[in-house]
Amino acid sequence: MKKLQYEELSAQLSDWAGICSCSEIHGLISGLASVGLASNYQLLETVLLRHLEEQSCPAPAAEALREIQESILEQLEDSSFAFEALIPDDVEDLYVRVQALSEWCQGFLVGFGTGVKAEQKNFSQEAQEVLRDLVEISNVAAERSHEPEEEDELALNELEEYVRTAVMMLYSEFALSEAQATGQDETEQTLH
């Protein structure tokens with residue numbers, strides 16, 4: 001399984017995506033995937049164009065989006081639960097990574113909310129709690145009031161692991177159960 005390179009994808013998307021970060025875009029696509037809609041590239045691009053208020057997607061950005069799309073689908077379908085939110089590597093400043101995780105959650109919530117069907121609005125108690133937690137994480141703002149300490153790193157690692165687990169749970173509850181219930185695969189589903 002190929003690991004996505006944050007810096008490389010950010011460079012490919014930066015001119016097109018404007019202030020929307022690579023993490024937010026990855027989160028948005030992950031949100032669509034969690035409700036079974038990310039395998040349809042045209043739908044994915046349409047949602048992103050609407051979100052970014054853009055008219056078209058240039059070739060370098062489209063290439064990056066396809067790479068992100070393929071990686072997310074591969075990770076979600078992997079039996080070893082390999083999914084990871086795309087944020088900068090550990091060599092980057094802690095505050096940058098916290099901000100990226102916050103942006104990732106914002107994107108995820110947009111993708112999830114855009115793709116969830118009206119009849120799916122009766123979420124399980126666990127899904128409701130996870131979504132509330134993702135909203136809280138999306139509002140996290142790292143303060144530079146002190147030098148990062150080991151416990152700050154551990155806290156971020158715990159948040160990343162929580163997000164990873166949350167996405168896998170939502171994917172299982174919404175995308176997989178919907179596909180099994182209807183006998184459809186992800187490509188047959190449409191945005192509502």
# chains A, B, ... in the order shown; residues from 1 in each chain; ligands from 1

call {"tool": "residues_around", "arguments": {"residues": "Glu173 in chain A", "least_positions_apart": "2", "cutoff": "12 Å", "atoms": "only C-alpha atoms", "output": "ChimeraX atom specification"}}
result
/A:33-36,116,120,122-128,130,166-171,175-181

call {"tool": "residues_around", "arguments": {"residues": "range 22-32 of chain A", "least_positions_apart": "2", "cutoff": "8 Å", "atoms": "only C-alpha atoms", "output": "PyMOL selection string"}}
result
chain A and resi 6+9-10+13-14+20+34-38+44+48+68-69+72+85-87+100-101+103-115+167

call {"tool": "write_last_selection", "arguments": {"atoms": "C-alpha atoms", "output": "mmCIF file, in the first residue's frame"}}
result
data_model
loop_
_atom_site.group_PDB
_atom_site.id
_atom_site.type_symbol
_atom_site.label_atom_id
_atom_site.label_comp_id
_atom_site.auth_asym_id
_atom_site.auth_seq_id
_atom_site.Cartn_x
_atom_site.Cartn_y
_atom_site.Cartn_z
ATOM 1 C CA TYR A 6 1.699 15.198 2.339
ATOM 2 C CA LEU A 9 0.188 16.412 -2.625
ATOM 3 C CA SER A 10 0.054 19.856 -1.016
ATOM 4 C CA LEU A 13 -3.141 21.106 -4.864
ATOM 5 C CA SER A 14 -1.936 24.478 -3.553
ATOM 6 C CA CYS A 20 -8.232 24.727 1.572
ATOM 7 C CA SER A 34 -17.472 6.828 4.814
ATOM 8 C CA VAL A 35 -20.956 6.966 3.275
ATOM 9 C CA GLY A 36 -19.999 4.978 0.188
ATOM 10 C CA LEU A 37 -19.564 7.767 -2.377
ATOM 11 C CA ALA A 38 -15.829 8.181 -2.936
ATOM 12 C CA LEU A 44 -16.090 13.466 -5.856
ATOM 13 C CA LEU A 48 -14.899 19.418 -4.280
ATOM 14 C CA ILE A 68 -5.945 10.500 -2.634
ATOM 15 C CA GLN A 69 -9.166 8.785 -3.712
ATOM 16 C CA ILE A 72 -8.485 6.196 0.875
ATOM 17 C CA ALA A 85 -5.839 10.895 8.194
ATOM 18 C CA LEU A 86 -3.454 12.834 5.967
ATOM 19 C CA ILE A 87 -1.577 15.362 8.056
ATOM 20 C CA ALA A 100 -3.988 20.013 9.989
ATOM 21 C CA LEU A 101 -5.937 17.437 12.028
ATOM 22 C CA GLU A 103 -8.831 20.942 9.102
ATOM 23 C CA TRP A 104 -9.008 17.244 8.242
ATOM 24 C CA CYS A 105 -11.980 16.834 10.587
ATOM 25 C CA GLN A 106 -13.679 19.902 9.088
ATOM 26 C CA GLY A 107 -13.322 18.384 5.619
ATOM 27 C CA PHE A 108 -14.514 14.998 6.823
ATOM 28 C CA LEU A 109 -17.660 16.489 8.300
ATOM 29 C CA VAL A 110 -18.394 18.331 5.029
ATOM 30 C CA GLY A 111 -17.944 15.140 2.997
ATOM 31 C CA PHE A 112 -19.944 13.024 5.400
ATOM 32 C CA GLY A 113 -22.748 15.589 5.659
ATOM 33 C CA THR A 114 -22.875 16.046 1.894
ATOM 34 C CA GLY A 115 -23.103 12.344 1.205
ATOM 35 C CA VAL A 167 -13.653 6.803 10.380
#

call {"tool": "residues_around", "arguments": {"residues": "Ala141 in chain A", "least_positions_apart": "2", "cutoff": "9 Å", "atoms": "only C-alpha atoms", "output": "list of chain:residue names"}}
result
A:Tyr95, A:Val98, A:Gln99, A:Ser102, A:Ile137, A:Ser138, A:Asn139, A:Glu143

call {"tool": "closest_residue", "arguments": {"among": "A:Leu4, A:Leu159, A:Ala17, A:Ala11", "to": "Glu70 in chain A", "atoms": "only C-alpha atoms"}}
result
A:Leu4

call {"tool": "select_by_dssp", "arguments": {"residues": "range 19-191 of chain A", "states": "alpha helix (DSSP H)", "output": "VMD selection string"}}
result
chain A and resid 22 to 34 41 to 52 59 to 77 94 to 115 125 to 138 150 to 171 177 to 182

call {"tool": "atom_distance", "arguments": {"atom1": "CA of Glu153 in chain A", "atom2": "CA of Val91 in chain A"}}
result
11.5 Å

call {"tool": "atom_distance", "arguments": {"atom1": "CA of Ser56 in chain A", "atom2": "CA of Gln42 in chain A"}}
result
11.6 Å

call {"tool": "residues_around", "arguments": {"residues": "Ala59 in chain A", "least_positions_apart": "5", "cutoff": "12 Å", "atoms": "only C-alpha atoms", "output": "list in words"}}
result
Gln12, Leu13, Asp15, Trp16, Ala64, Leu65 and Arg66 of chain A

call {"tool": "write_last_selection", "arguments": {"atoms": "N, CA, C and O atoms", "output": "mmCIF file, in the first residue's frame"}}
result
data_model
loop_
_atom_site.group_PDB
_atom_site.id
_atom_site.type_symbol
_atom_site.label_atom_id
_atom_site.label_comp_id
_atom_site.auth_asym_id
_atom_site.auth_seq_id
_atom_site.Cartn_x
_atom_site.Cartn_y
_atom_site.Cartn_z
ATOM 1 N N GLN A 12 0.857 19.890 -5.292
ATOM 2 C CA GLN A 12 0.000 19.676 -6.452
ATOM 3 C C GLN A 12 -1.343 20.395 -6.312
ATOM 4 O O GLN A 12 -1.946 20.785 -7.304
ATOM 5 N N LEU A 13 -1.821 20.533 -5.092
ATOM 6 C CA LEU A 13 -3.141 21.106 -4.864
ATOM 7 C C LEU A 13 -3.128 22.590 -4.516
ATOM 8 O O LEU A 13 -4.151 23.253 -4.599
ATOM 9 N N ASP A 15 -2.087 25.577 -5.730
ATOM 10 C CA ASP A 15 -2.540 26.634 -6.632
ATOM 11 C C ASP A 15 -4.045 26.556 -6.886
ATOM 12 O O ASP A 15 -4.710 27.571 -7.049
ATOM 13 N N TRP A 16 -4.561 25.356 -6.913
ATOM 14 C CA TRP A 16 -5.977 25.168 -7.225
ATOM 15 C C TRP A 16 -6.858 25.320 -5.990
ATOM 16 O O TRP A 16 -7.908 25.954 -6.038
ATOM 17 N N ALA A 64 -3.643 14.507 -8.234
ATOM 18 C CA ALA A 64 -3.536 14.408 -6.777
ATOM 19 C C ALA A 64 -4.835 13.871 -6.176
ATOM 20 O O ALA A 64 -4.806 13.021 -5.279
ATOM 21 N N LEU A 65 -5.973 14.347 -6.672
ATOM 22 C CA LEU A 65 -7.264 13.884 -6.157
ATOM 23 C C LEU A 65 -7.462 12.397 -6.405
ATOM 24 O O LEU A 65 -7.947 11.672 -5.536
ATOM 25 N N ARG A 66 -7.091 11.940 -7.578
ATOM 26 C CA ARG A 66 -7.219 10.505 -7.890
ATOM 27 C C ARG A 66 -6.303 9.669 -6.991
ATOM 28 O O ARG A 66 -6.691 8.594 -6.536
#
